$ cat final25.pdb   # PDB, C-alpha atoms
ATOM      1  CA  MET A   1    -252.970 -42.414 -94.735
ATOM      2  CA  LYS A   2    -253.559 -40.355 -91.572
ATOM      3  CA  LYS A   3    -254.760 -43.448 -89.714
ATOM      4  CA  ARG A   4    -251.555 -45.286 -90.624
ATOM      5  CA  ILE A   5    -249.379 -42.438 -89.352
ATOM      6  CA  LEU A   6    -251.348 -42.243 -86.086
ATOM      7  CA  LYS A   7    -250.984 -45.977 -85.598
ATOM      8  CA  ILE A   8    -247.173 -45.843 -86.034
ATOM      9  CA  ALA A   9    -246.875 -42.879 -83.652
ATOM     10  CA  SER A  10    -248.927 -44.719 -81.044
ATOM     11  CA  MET A  11    -246.651 -47.751 -81.253
ATOM     12  CA  ILE A  12    -243.514 -45.586 -80.817
ATOM     13  CA  ILE A  13    -244.983 -43.919 -77.730
ATOM     14  CA  VAL A  14    -245.811 -47.283 -76.210
ATOM     15  CA  LEU A  15    -242.278 -48.554 -76.829
ATOM     16  CA  LEU A  16    -240.673 -45.451 -75.268
ATOM     17  CA  MET A  17    -242.786 -45.841 -72.174
ATOM     18  CA  MET A  18    -241.652 -49.446 -71.790
ATOM     19  CA  ILE A  19    -237.904 -48.580 -71.845
ATOM     20  CA  THR A  20    -236.690 -47.321 -68.388
ATOM     21  CA  PRO A  21    -233.082 -46.877 -67.014
ATOM     22  CA  ILE A  22    -231.884 -49.698 -64.777
ATOM     23  CA  SER A  23    -229.027 -49.142 -62.305
ATOM     24  CA  ALA A  24    -226.252 -51.675 -61.817
ATOM     25  CA  HIS A  25    -227.455 -52.340 -58.313
ATOM     26  CA  PRO A  26    -229.201 -50.333 -55.585
ATOM     27  CA  GLY A  27    -227.522 -47.273 -54.061
ATOM     28  CA  ARG A  28    -226.521 -43.793 -55.048
ATOM     29  CA  THR A  29    -222.948 -42.804 -55.906
ATOM     30  CA  ASP A  30    -221.030 -40.130 -53.979
ATOM     31  CA  ALA A  31    -219.106 -37.121 -55.267
ATOM     32  CA  ASN A  32    -216.265 -39.437 -56.357
ATOM     33  CA  GLY A  33    -218.555 -41.547 -58.448
ATOM     34  CA  GLY A  34    -218.538 -44.558 -56.140
ATOM     35  CA  HIS A  35    -220.205 -45.985 -53.034
ATOM     36  CA  TYR A  36    -220.202 -48.910 -50.575
ATOM     37  CA  CYS A  37    -222.071 -52.085 -51.459
ATOM     38  CA  ARG A  38    -224.686 -52.834 -48.790
ATOM     39  CA  THR A  39    -227.055 -55.458 -50.249
ATOM     40  CA  ASN A  40    -226.720 -58.477 -52.551
ATOM     41  CA  CYS A  41    -222.990 -57.741 -52.936
ATOM     42  CA  ALA A  42    -222.052 -61.266 -53.940
ATOM     43  CA  LYS A  43    -224.440 -60.963 -56.874
ATOM     44  CA  TRP A  44    -222.226 -58.190 -58.251
ATOM     45  CA  GLY A  45    -218.907 -59.870 -57.388
ATOM     46  CA  LEU A  46    -218.314 -57.629 -54.326
ATOM     47  CA  ARG A  47    -217.793 -58.083 -50.602
ATOM     48  CA  ASP A  48    -220.255 -56.651 -48.128
ATOM     49  CA  GLY A  49    -219.218 -53.085 -47.322
ATOM     50  CA  GLU A  50    -216.713 -52.881 -50.204
ATOM     51  CA  TYR A  51    -216.310 -49.457 -51.776
ATOM     52  CA  HIS A  52    -216.240 -49.321 -55.578
ATOM     53  CA  TYR A  53    -216.751 -47.039 -58.527
ATOM     54  CA  HIS A  54    -219.176 -47.233 -61.418
ATOM     55  CA  ASN A  55    -217.918 -46.757 -64.944
ATOM     56  CA  GLY A  56    -214.535 -45.310 -63.963
ATOM     57  CA  GLY A  57    -215.751 -42.923 -61.307
ATOM     58  CA  GLY A  58    -219.176 -41.784 -62.463
ATOM     59  CA  SER A  59    -222.630 -43.062 -61.679
ATOM     60  CA  SER A  60    -223.585 -46.440 -63.048
ATOM     61  CA  SER A  61    -225.170 -46.632 -66.413
ATOM     62  CA  SER A  62    -227.184 -49.203 -68.177
ATOM     63  CA  SER A  63    -228.002 -49.694 -71.790
ATOM     64  CA  SER A  64    -230.927 -51.275 -73.469
ATOM     65  CA  SER A  65    -230.591 -53.355 -76.537
ATOM     66  CA  ASP A  66    -232.776 -55.395 -78.695
ATOM     67  CA  SER A  67    -235.966 -53.972 -77.277
ATOM     68  CA  SER A  68    -238.246 -56.144 -79.234
ATOM     69  CA  SER A  69    -241.702 -55.040 -79.808
ATOM     70  CA  SER A  70    -244.365 -57.586 -79.557
ATOM     71  CA  SER A  71    -247.919 -57.284 -80.395
ATOM     72  CA  SER A  72    -250.118 -55.947 -77.683
ATOM     73  CA  SER A  73    -252.432 -58.478 -76.330
ATOM     74  CA  THR A  74    -255.374 -57.637 -74.174
ATOM     75  CA  ASP A  75    -255.175 -61.170 -72.709
ATOM     76  CA  SER A  76    -251.549 -60.988 -71.478
ATOM     77  CA  GLY A  77    -250.882 -57.205 -71.347
ATOM     78  CA  SER A  78    -247.109 -57.967 -71.197
ATOM     79  CA  SER A  79    -244.068 -57.004 -73.267
ATOM     80  CA  SER A  80    -240.426 -58.273 -73.238
ATOM     81  CA  THR A  81    -237.292 -56.121 -73.293
ATOM     82  CA  SER A  82    -233.630 -57.052 -73.424
ATOM     83  CA  GLN A  83    -231.409 -54.948 -71.190
ATOM     84  CA  THR A  84    -227.677 -55.055 -70.500
ATOM     85  CA  GLN A  85    -226.447 -54.026 -67.019
ATOM     86  CA  SER A  86    -223.005 -52.431 -66.440
ATOM     87  CA  THR A  87    -220.417 -54.234 -64.231
ATOM     88  CA  PRO A  88    -219.176 -52.093 -61.299
ATOM     89  CA  GLN A  89    -215.441 -51.215 -61.238
ATOM     90  CA  VAL A  90    -213.773 -52.798 -58.157
ATOM     91  CA  VAL A  91    -211.172 -50.702 -56.305
ATOM     92  CA  ASP A  92    -207.860 -52.422 -55.393
ATOM     93  CA  TYR A  93    -207.454 -51.079 -51.860
ATOM     94  CA  THR A  94    -204.279 -53.063 -51.266
ATOM     95  CA  LYS A  95    -202.555 -51.423 -54.211
ATOM     96  CA  GLN A  96    -203.951 -48.033 -53.320
ATOM     97  CA  GLY A  97    -202.680 -48.290 -49.742
ATOM     98  CA  GLU A  98    -199.297 -49.652 -50.844
ATOM     99  CA  THR A  99    -198.751 -46.703 -53.172
ATOM    100  CA  ALA A 100    -199.788 -44.233 -50.488
ATOM    101  CA  GLY A 101    -197.499 -45.758 -47.850
ATOM    102  CA  TYR A 102    -194.509 -45.931 -50.211
ATOM    103  CA  ASN A 103    -194.896 -42.356 -51.425
ATOM    104  CA  TYR A 104    -195.403 -40.974 -47.925
ATOM    105  CA  LYS A 105    -192.227 -42.568 -46.542
ATOM    106  CA  LYS A 106    -190.202 -41.474 -49.551
ATOM    107  CA  ALA A 107    -191.374 -37.900 -49.086
ATOM    108  CA  ASN A 108    -190.881 -38.003 -45.300
ATOM    109  CA  PRO A 109    -187.821 -40.203 -44.563
ATOM    110  CA  ASP A 110    -187.700 -39.435 -40.829
ATOM    111  CA  ALA A 111    -191.446 -39.757 -40.212
ATOM    112  CA  GLY A 112    -193.376 -42.697 -38.868
ATOM    113  CA  LYS A 113    -196.583 -44.054 -40.330
ATOM    114  CA  GLU A 114    -199.624 -41.840 -40.708
ATOM    115  CA  ASP A 115    -202.706 -42.208 -38.544
ATOM    116  CA  LEU A 116    -204.935 -44.570 -40.505
ATOM    117  CA  THR A 117    -207.826 -44.656 -38.046
ATOM    118  CA  GLY A 118    -211.066 -45.400 -39.868
ATOM    119  CA  LYS A 119    -209.360 -46.755 -42.973
ATOM    120  CA  ASP A 120    -210.301 -50.107 -44.470
ATOM    121  CA  GLN A 121    -208.043 -52.901 -43.147
ATOM    122  CA  THR A 122    -207.145 -53.945 -46.671
ATOM    123  CA  TYR A 123    -205.923 -50.415 -47.335
ATOM    124  CA  ILE A 124    -203.943 -50.415 -44.056
ATOM    125  CA  ASN A 125    -202.227 -53.710 -44.923
ATOM    126  CA  GLY A 126    -201.210 -52.339 -48.294
ATOM    127  CA  TYR A 127    -200.022 -49.103 -46.693
ATOM    128  CA  ASP A 128    -197.788 -51.025 -44.262
ATOM    129  CA  THR A 129    -196.230 -52.984 -47.105
ATOM    130  CA  GLY A 130    -195.513 -49.887 -49.182
ATOM    131  CA  PHE A 131    -194.169 -47.987 -46.181
ATOM    132  CA  THR A 132    -191.813 -50.847 -45.267
ATOM    133  CA  ASN A 133    -190.537 -51.195 -48.837
ATOM    134  CA  ALA A 134    -189.717 -47.488 -48.986
ATOM    135  CA  GLU A 135    -188.094 -47.634 -45.542
ATOM    136  CA  ASN A 136    -185.833 -50.528 -46.600
ATOM    137  CA  GLU A 137    -184.763 -48.686 -49.732
ATOM    138  CA  LEU A 138    -184.047 -45.502 -47.790
ATOM    139  CA  THR A 139    -182.099 -47.420 -45.138
ATOM    140  CA  THR A 140    -179.785 -48.958 -47.712
ATOM    141  CA  LEU A 141    -179.344 -45.648 -49.517
ATOM    142  CA  SER A 142    -178.688 -43.767 -46.259
ATOM    143  CA  LYS A 143    -176.074 -46.298 -45.138
ATOM    144  CA  ASP A 144    -174.260 -46.241 -48.458
ATOM    145  CA  GLN A 145    -174.132 -42.462 -48.700
ATOM    146  CA  GLY A 146    -173.239 -42.046 -45.021
ATOM    147  CA  THR A 147    -170.360 -44.518 -45.349
ATOM    148  CA  ALA A 148    -169.020 -42.922 -48.518
ATOM    149  CA  LYS A 149    -169.162 -39.394 -47.119
ATOM    150  CA  GLY A 150    -167.724 -40.394 -43.747
ATOM    151  CA  THR A 151    -164.803 -42.176 -45.383
ATOM    152  CA  GLU A 152    -164.004 -39.082 -47.437
ATOM    153  CA  ASP A 153    -164.392 -36.585 -44.590
ATOM    154  CA  GLY A 154    -162.285 -38.660 -42.194
ATOM    155  CA  THR A 155    -159.142 -37.587 -44.035
ATOM    156  CA  THR A 156    -160.224 -34.189 -45.359
ATOM    157  CA  THR A 157    -162.043 -32.411 -42.509
ATOM    158  CA  GLU A 158    -161.160 -31.507 -38.939
ATOM    159  CA  SER A 159    -164.418 -32.884 -37.501
ATOM    160  CA  TYR A 160    -167.822 -34.393 -38.349
ATOM    161  CA  ASN A 161    -170.086 -32.758 -40.911
ATOM    162  CA  LEU A 162    -173.517 -33.558 -39.485
ATOM    163  CA  GLU A 163    -175.597 -32.124 -42.334
ATOM    164  CA  VAL A 164    -177.884 -34.841 -43.688
ATOM    165  CA  PRO A 165    -178.652 -34.818 -47.436
ATOM    166  CA  VAL A 166    -182.313 -34.443 -48.418
ATOM    167  CA  GLY A 167    -184.241 -37.665 -48.929
ATOM    168  CA  LEU A 168    -182.320 -39.811 -46.411
ATOM    169  CA  ILE A 169    -183.086 -41.209 -42.954
ATOM    170  CA  SER A 170    -181.110 -38.966 -40.594
ATOM    171  CA  SER A 171    -180.354 -41.499 -37.854
ATOM    172  CA  VAL A 172    -179.193 -44.173 -40.294
ATOM    173  CA  TYR A 173    -177.100 -41.744 -42.321
ATOM    174  CA  LEU A 174    -175.395 -40.194 -39.277
ATOM    175  CA  ASP A 175    -174.598 -43.533 -37.628
ATOM    176  CA  SER A 176    -173.010 -44.821 -40.833
ATOM    177  CA  TYR A 177    -171.235 -41.509 -41.392
ATOM    178  CA  LYS A 178    -169.647 -41.423 -37.928
ATOM    179  CA  ASP A 179    -168.535 -45.052 -38.051
ATOM    180  CA  ALA A 180    -166.924 -44.566 -41.453
ATOM    181  CA  TYR A 181    -165.385 -41.235 -40.401
ATOM    182  CA  ASN A 182    -163.783 -42.765 -37.306
ATOM    183  CA  GLN A 183    -162.386 -45.718 -39.228
ATOM    184  CA  SER A 184    -161.038 -43.507 -41.994
ATOM    185  CA  GLU A 185    -159.483 -41.108 -39.493
ATOM    186  CA  ALA A 186    -157.891 -43.929 -37.486
ATOM    187  CA  SER A 187    -156.404 -45.441 -40.632
ATOM    188  CA  ASP A 188    -155.076 -42.044 -41.668
ATOM    189  CA  PHE A 189    -153.538 -41.447 -38.237
ATOM    190  CA  SER A 190    -151.842 -44.850 -38.388
ATOM    191  CA  LYS A 191    -150.139 -43.935 -41.665
ATOM    192  CA  ILE A 192    -149.133 -40.549 -40.257
ATOM    193  CA  ARG A 193    -147.510 -42.194 -37.222
ATOM    194  CA  GLN A 194    -145.586 -44.550 -39.468
ATOM    195  CA  ASP A 195    -144.268 -41.612 -41.488
ATOM    196  CA  ALA A 196    -143.352 -39.683 -38.345
ATOM    197  CA  ASN A 197    -141.614 -42.659 -36.739
ATOM    198  CA  LYS A 198    -139.557 -43.413 -39.818
ATOM    199  CA  LYS A 199    -138.400 -39.823 -40.134
ATOM    200  CA  ALA A 200    -137.597 -39.573 -36.414
ATOM    201  CA  ILE A 201    -135.503 -42.743 -36.522
ATOM    202  CA  ASP A 202    -133.626 -41.558 -39.599
ATOM    203  CA  ASN A 203    -132.931 -38.175 -38.023
ATOM    204  CA  ALA A 204    -131.788 -39.566 -34.677
ATOM    205  CA  ARG A 205    -129.578 -42.307 -36.123
ATOM    206  CA  ASN A 206    -128.022 -39.921 -38.614
ATOM    207  CA  LEU A 207    -127.282 -37.510 -35.762
ATOM    208  CA  GLU A 208    -129.577 -34.843 -37.197
ATOM    209  CA  ASP A 209    -131.588 -32.310 -35.201
ATOM    210  CA  GLU A 210    -135.278 -32.760 -34.520
ATOM    211  CA  ASP A 211    -137.606 -31.763 -37.381
ATOM    212  CA  THR A 212    -141.335 -31.994 -36.707
ATOM    213  CA  ASN A 213    -142.396 -30.240 -39.911
ATOM    214  CA  SER A 214    -144.601 -32.232 -42.288
ATOM    215  CA  GLU A 215    -146.652 -31.875 -45.460
ATOM    216  CA  TYR A 216    -149.955 -32.588 -43.729
ATOM    217  CA  THR A 217    -152.564 -29.809 -43.951
ATOM    218  CA  LEU A 218    -155.136 -30.567 -41.251
ATOM    219  CA  GLU A 219    -154.351 -29.469 -37.715
ATOM    220  CA  LYS A 220    -155.358 -32.843 -36.323
ATOM    221  CA  GLN A 221    -152.914 -34.541 -38.711
ATOM    222  CA  LYS A 222    -150.095 -32.177 -37.799
ATOM    223  CA  LYS A 223    -150.691 -32.814 -34.113
ATOM    224  CA  VAL A 224    -150.561 -36.581 -34.506
ATOM    225  CA  TYR A 225    -147.411 -36.329 -36.605
ATOM    226  CA  LYS A 226    -145.600 -34.067 -34.164
ATOM    227  CA  GLU A 227    -146.474 -36.135 -31.106
ATOM    228  CA  SER A 228    -145.430 -39.370 -32.744
ATOM    229  CA  TYR A 229    -142.213 -37.909 -34.152
ATOM    230  CA  GLN A 230    -141.143 -36.386 -30.824
ATOM    231  CA  SER A 231    -141.803 -39.576 -28.897
ATOM    232  CA  THR A 232    -139.867 -41.748 -31.345
ATOM    233  CA  TYR A 233    -136.936 -39.330 -31.657
ATOM    234  CA  ASP A 234    -136.530 -39.089 -27.873
ATOM    235  CA  GLN A 235    -136.728 -42.857 -27.487
ATOM    236  CA  GLU A 236    -134.160 -43.415 -30.216
ATOM    237  CA  GLU A 237    -131.698 -40.950 -28.679
ATOM    238  CA  LYS A 238    -132.131 -42.606 -25.296
ATOM    239  CA  GLU A 239    -131.334 -46.041 -26.715
ATOM    240  CA  ILE A 240    -128.226 -44.787 -28.536
ATOM    241  CA  ASN A 241    -126.858 -43.048 -25.444
ATOM    242  CA  SER A 242    -127.556 -46.110 -23.334
ATOM    243  CA  LEU A 243    -125.711 -48.272 -25.867
ATOM    244  CA  LYS A 244    -122.690 -45.981 -25.776
ATOM    245  CA  LYS A 245    -122.389 -46.538 -22.046
ATOM    246  CA  LYS A 246    -122.565 -50.307 -22.442
ATOM    247  CA  LEU A 247    -119.993 -50.580 -25.217
ATOM    248  CA  SER A 248    -117.098 -50.792 -22.731
ATOM    249  CA  LYS A 249    -118.562 -53.908 -21.146
ATOM    250  CA  TYR A 250    -119.471 -55.411 -24.526
ATOM    251  CA  ALA A 251    -115.888 -54.857 -25.664
ATOM    252  CA  GLN A 252    -114.461 -56.526 -22.546
ATOM    253  CA  ASP A 253    -116.781 -59.513 -22.913
ATOM    254  CA  ASP A 254    -115.829 -59.895 -26.570
ATOM    255  CA  PHE A 255    -112.098 -59.779 -25.706
ATOM    256  CA  ASP A 256    -112.483 -62.367 -22.954
ATOM    257  CA  ASN A 257    -114.338 -64.592 -25.432
ATOM    258  CA  GLU A 258    -111.556 -64.024 -27.945
ATOM    259  CA  LYS A 259    -113.752 -62.350 -30.544
ATOM    260  CA  GLN A 260    -114.361 -58.867 -31.892
ATOM    261  CA  SER A 261    -117.888 -58.168 -33.179
ATOM    262  CA  ASP A 262    -120.332 -55.307 -33.871
ATOM    263  CA  GLU A 263    -123.289 -57.457 -32.888
ATOM    264  CA  SER A 264    -124.452 -55.074 -30.157
ATOM    265  CA  TYR A 265    -124.809 -52.131 -32.573
ATOM    266  CA  ARG A 266    -125.100 -53.776 -35.973
ATOM    267  CA  LYS A 267    -128.677 -52.523 -36.565
ATOM    268  CA  TYR A 268    -127.217 -49.016 -37.005
ATOM    269  CA  LYS A 269    -125.054 -50.188 -39.916
ATOM    270  CA  ASN A 270    -126.629 -47.898 -42.527
ATOM    271  CA  TYR A 271    -126.675 -44.793 -40.351
ATOM    272  CA  LYS A 272    -124.043 -42.238 -39.380
ATOM    273  CA  VAL A 273    -124.209 -43.171 -35.728
ATOM    274  CA  TYR A 274    -122.731 -46.560 -36.595
ATOM    275  CA  ASP A 275    -119.310 -45.012 -37.166
ATOM    276  CA  VAL A 276    -119.491 -43.295 -33.789
ATOM    277  CA  LEU A 277    -120.457 -46.501 -32.023
ATOM    278  CA  ASP A 278    -117.920 -48.579 -33.903
ATOM    279  CA  LYS A 279    -115.129 -46.140 -33.056
ATOM    280  CA  LYS A 280    -116.046 -46.185 -29.375
ATOM    281  CA  TYR A 281    -116.326 -49.970 -29.326
ATOM    282  CA  LYS A 282    -112.930 -50.471 -30.874
ATOM    283  CA  LYS A 283    -111.400 -47.885 -28.539
ATOM    284  CA  GLU A 284    -112.787 -49.720 -25.522
ATOM    285  CA  TYR A 285    -111.772 -53.079 -26.949
ATOM    286  CA  ASN A 286    -108.175 -51.982 -27.514
ATOM    287  CA  LYS A 287    -108.062 -50.241 -24.158
ATOM    288  CA  TYR A 288    -109.079 -53.441 -22.392
ATOM    289  CA  LYS A 289    -106.689 -55.462 -24.514
ATOM    290  CA  LYS A 290    -103.745 -53.298 -23.488
ATOM    291  CA  GLN A 291    -104.841 -53.469 -19.897
ATOM    292  CA  LYS A 292    -104.838 -57.262 -19.967
ATOM    293  CA  GLU A 293    -101.482 -57.365 -21.720
ATOM    294  CA  GLN A 294    -100.031 -55.073 -19.063
ATOM    295  CA  GLU A 295    -101.414 -57.250 -16.360
ATOM    296  CA  ASP A 296     -99.845 -60.280 -17.964
ATOM    297  CA  GLU A 297     -96.476 -58.530 -18.269
ATOM    298  CA  ASN A 298     -96.618 -57.490 -14.670
ATOM    299  CA  GLY A 299     -97.441 -61.004 -13.701
ATOM    300  CA  VAL A 300     -94.476 -62.422 -15.564
ATOM    301  CA  ALA A 301     -92.126 -59.816 -14.090
ATOM    302  CA  GLY A 302     -93.340 -60.498 -10.583
ATOM    303  CA  GLY A 303     -92.808 -64.191 -11.025
ATOM    304  CA  ALA A 304     -89.297 -63.678 -12.263
ATOM    305  CA  GLY A 305     -88.516 -61.490  -9.240
ATOM    306  CA  VAL A 306     -89.676 -64.166  -6.867
ATOM    307  CA  VAL A 307     -87.510 -66.732  -8.552
ATOM    308  CA  ALA A 308     -84.521 -64.425  -8.451
ATOM    309  CA  LEU A 309     -84.971 -63.731  -4.773
ATOM    310  CA  GLY A 310     -85.233 -67.410  -4.118
ATOM    311  CA  ILE A 311     -81.951 -68.055  -5.871
ATOM    312  CA  ILE A 312     -80.178 -65.283  -4.018
ATOM    313  CA  GLY A 313     -81.440 -66.546  -0.697
ATOM    314  CA  TYR A 314     -80.294 -70.043  -1.446
ATOM    315  CA  VAL A 315     -76.767 -68.855  -2.356
ATOM    316  CA  LEU A 316     -76.468 -66.869   0.862
ATOM    317  CA  TYR A 317     -77.633 -69.824   2.852
ATOM    318  CA  LYS A 318     -74.950 -72.035   1.384
ATOM    319  CA  ARG A 319     -72.253 -69.549   2.060
ATOM    320  CA  LYS A 320     -73.264 -69.268   5.652
ATOM    321  CA  ARG A 321     -73.070 -72.994   6.138
ATOM    322  CA  LYS A 322     -69.532 -73.036   4.985
TER     323      LYS A 322
END
$ encode --input "final25.pdb" --output "structure tokens"
Amino acid sequence: MKKRILKIASMIIVLLMMITPISAHPGRTDANGGHYCRTNCAKWGLRDGEYHYHNGGGSSSSSSSDSSSSSSSTDSGSSSTSQTQSTPQVVDYTKQGETAGYNYKKANPDAGKEDLTGKDQTYINGYDTGFTNAENELTTLSKDQGTAKGTEDGTTTESYNLEVPVGLISSVYLDSYKDAYNQSEASDFSKIRQDANKKAIDNARNLEDEDTNSEYTLEKQKKVYKESYQSTYDQEEKEINSLKKKLSKYAQDDFDNEKQSDESYRKYKNYKVYDVLDKKYKKEYNKYKKQKEQEDENGVAGGAGVVALGIIGYVLYKRKRK
């Protein structure tokens, strides 16, 4: 019985001595659980110099299976074992670099690319792609927000608000903001001038005093309104006064052409000044009419006098002959 136990124990010891750990391939792993492949890389599906991890970040491991025991033979002195080697985990440097570049640009919108000296070229290519993708997204976002804010501020603030929201590219945002602000402000000023001009025309043609007051709240809006109103009111008064002076001639021309018309001042039809102009026109028309009638009467009377004198002279001549 003891001999049998000793024999079994001896066999187990022999088997344990035959089983040894086998690494995936030569080379130690670093603190991150990976390393660079230096020899026979193609054998393991790697490129020369490619960095990779073993078993998710740890050192490589190997397992033994089906270690078959065979009878010891003094002739051969050999034994066979079946071992399974672990496959190294390959790092996707392109994806790793792309993620790093994207995240860096997102976190630092105004910054340029990081210094990637010494980095693997595959990593750098991925970084450039990620950085560019983030930059394109930020550019679109910065333009949209700059345009929206500039359009709003153009009609609600006295001047630019140059504060850039967090997470946007400053230069892109500010350029879009200023362009939108200027366009919005110009459009607003155009409407203000139209309002001011209309009111000035109404006031002047209805013979009302100047009134530069408005409902606008911003100082820049009030200024534009006042300037536009004053200019239009003065111009309208000047045209009306000039027309008054010309009505006498218009009335004479109309009389000579045997017509009476308000054509020269008809555009004022729906305003109070029309009555003033119409009254003056008719006064001048009638004045000229009477003047012409008087001239005609005087002409007739003068002609009759000449005839009468001719007759008297003829009678005296006859008498003298007798």
$ residues_around --input "final25.pdb" --residues "Gln230 of chain A" --least-positions-apart "6" --cutoff "9 Å" --atoms "only C-alpha atoms" --output "list in words"
Ala196, Asn197, Ala200, Glu210, Asp211 and Thr212 of chain A
$ residues_around --input "final25.pdb" --residues "Tyr265 of chain A" --least-positions-apart "5" --cutoff "8 Å" --atoms "only C-alpha atoms" --output "PDB file with C-alpha atoms, in the coordinates of the input"
ATOM      1  CA  LEU A 243    -125.711 -48.272 -25.867  1.00  0.00           C
ATOM      2  CA  TYR A 274    -122.731 -46.560 -36.595  1.00  0.00           C
ATOM      3  CA  LEU A 277    -120.457 -46.501 -32.023  1.00  0.00           C
ATOM      4  CA  ASP A 278    -117.920 -48.579 -33.903  1.00  0.00           C
TER       5      ASP A 278
END
$ resolve_selection --input "final25.pdb" --expression "the PyMOL selection byres ((chain A and resi 98-106) around 12)" --output "ChimeraX atom specification"
/A:92-97,107-116,122-139,141,166-169
$ write_last_selection --input "final25.pdb" --atoms "C-alpha atoms" --output "CSV table (one decimal), in the frame of the given file"
chain,number,residue,atom,x,y,z
A,92,ASP,CA,-207.9,-52.4,-55.4
A,93,TYR,CA,-207.5,-51.1,-51.9
A,94,THR,CA,-204.3,-53.1,-51.3
A,95,LYS,CA,-202.6,-51.4,-54.2
A,96,GLN,CA,-204.0,-48.0,-53.3
A,97,GLY,CA,-202.7,-48.3,-49.7
A,107,ALA,CA,-191.4,-37.9,-49.1
A,108,ASN,CA,-190.9,-38.0,-45.3
A,109,PRO,CA,-187.8,-40.2,-44.6
A,110,ASP,CA,-187.7,-39.4,-40.8
A,111,ALA,CA,-191.4,-39.8,-40.2
A,112,GLY,CA,-193.4,-42.7,-38.9
A,113,LYS,CA,-196.6,-44.1,-40.3
A,114,GLU,CA,-199.6,-41.8,-40.7
A,115,ASP,CA,-202.7,-42.2,-38.5
A,116,LEU,CA,-204.9,-44.6,-40.5
A,122,THR,CA,-207.1,-53.9,-46.7
A,123,TYR,CA,-205.9,-50.4,-47.3
A,124,ILE,CA,-203.9,-50.4,-44.1
A,125,ASN,CA,-202.2,-53.7,-44.9
A,126,GLY,CA,-201.2,-52.3,-48.3
A,127,TYR,CA,-200.0,-49.1,-46.7
A,128,ASP,CA,-197.8,-51.0,-44.3
A,129,THR,CA,-196.2,-53.0,-47.1
A,130,GLY,CA,-195.5,-49.9,-49.2
A,131,PHE,CA,-194.2,-48.0,-46.2
A,132,THR,CA,-191.8,-50.8,-45.3
A,133,ASN,CA,-190.5,-51.2,-48.8
A,134,ALA,CA,-189.7,-47.5,-49.0
A,135,GLU,CA,-188.1,-47.6,-45.5
A,136,ASN,CA,-185.8,-50.5,-46.6
A,137,GLU,CA,-184.8,-48.7,-49.7
A,138,LEU,CA,-184.0,-45.5,-47.8
A,139,THR,CA,-182.1,-47.4,-45.1
A,141,LEU,CA,-179.3,-45.6,-49.5
A,166,VAL,CA,-182.3,-34.4,-48.4
A,167,GLY,CA,-184.2,-37.7,-48.9
A,168,LEU,CA,-182.3,-39.8,-46.4
A,169,ILE,CA,-183.1,-41.2,-43.0
$ atom_distance --input "final25.pdb" --atom1 "atom CA of Gln291 of chain A" --atom2 "atom CA of Asn241 of chain A"
25.0 Å
$ resolve_selection --input "final25.pdb" --expression "the PyMOL selection byres ((chain A and resi 250) around 12)" --output "PyMOL selection string"
chain A and resi 243-249+251-257+259-265+277-278+280-285+288
$ atom_distance --input "final25.pdb" --atom1 "atom CA of Leu218 of chain A" --atom2 "atom CA of Thr156 of chain A"
7.5 Å
$ build_atoms --input "final25.pdb" --residues "segment 242-252 of chain A" --atoms "N, CA and C atoms" --output "compact mmCIF listing (two decimals), in the frame of the given file"
# COMPACT_ATOMS: atom_id res chain seq x y z
N SER A 242 -127.69 -44.97 -24.24
CA SER A 242 -127.56 -46.11 -23.33
C SER A 242 -126.57 -47.13 -23.91
N LEU A 243 -126.61 -47.32 -25.22
CA LEU A 243 -125.71 -48.27 -25.87
C LEU A 243 -124.26 -47.81 -25.75
N LYS A 244 -124.05 -46.52 -25.89
CA LYS A 244 -122.69 -45.98 -25.78
C LYS A 244 -122.06 -46.33 -24.42
N LYS A 245 -122.88 -46.25 -23.38
CA LYS A 245 -122.39 -46.54 -22.05
C LYS A 245 -122.07 -48.02 -21.85
N LYS A 246 -122.75 -48.86 -22.60
CA LYS A 246 -122.56 -50.31 -22.44
C LYS A 246 -121.47 -50.87 -23.34
N LEU A 247 -120.98 -50.07 -24.26
CA LEU A 247 -119.99 -50.58 -25.22
C LEU A 247 -118.71 -51.05 -24.54
N SER A 248 -118.32 -50.39 -23.43
CA SER A 248 -117.10 -50.79 -22.73
C SER A 248 -117.21 -52.23 -22.23
N LYS A 249 -118.35 -52.55 -21.65
CA LYS A 249 -118.56 -53.91 -21.15
C LYS A 249 -118.65 -54.91 -22.29
N TYR A 250 -119.37 -54.52 -23.37
CA TYR A 250 -119.47 -55.41 -24.53
C TYR A 250 -118.08 -55.71 -25.09
N ALA A 251 -117.24 -54.69 -25.13
CA ALA A 251 -115.89 -54.86 -25.66
C ALA A 251 -115.07 -55.79 -24.77
N GLN A 252 -115.19 -55.65 -23.47
CA GLN A 252 -114.46 -56.53 -22.55
C GLN A 252 -114.91 -57.97 -22.69
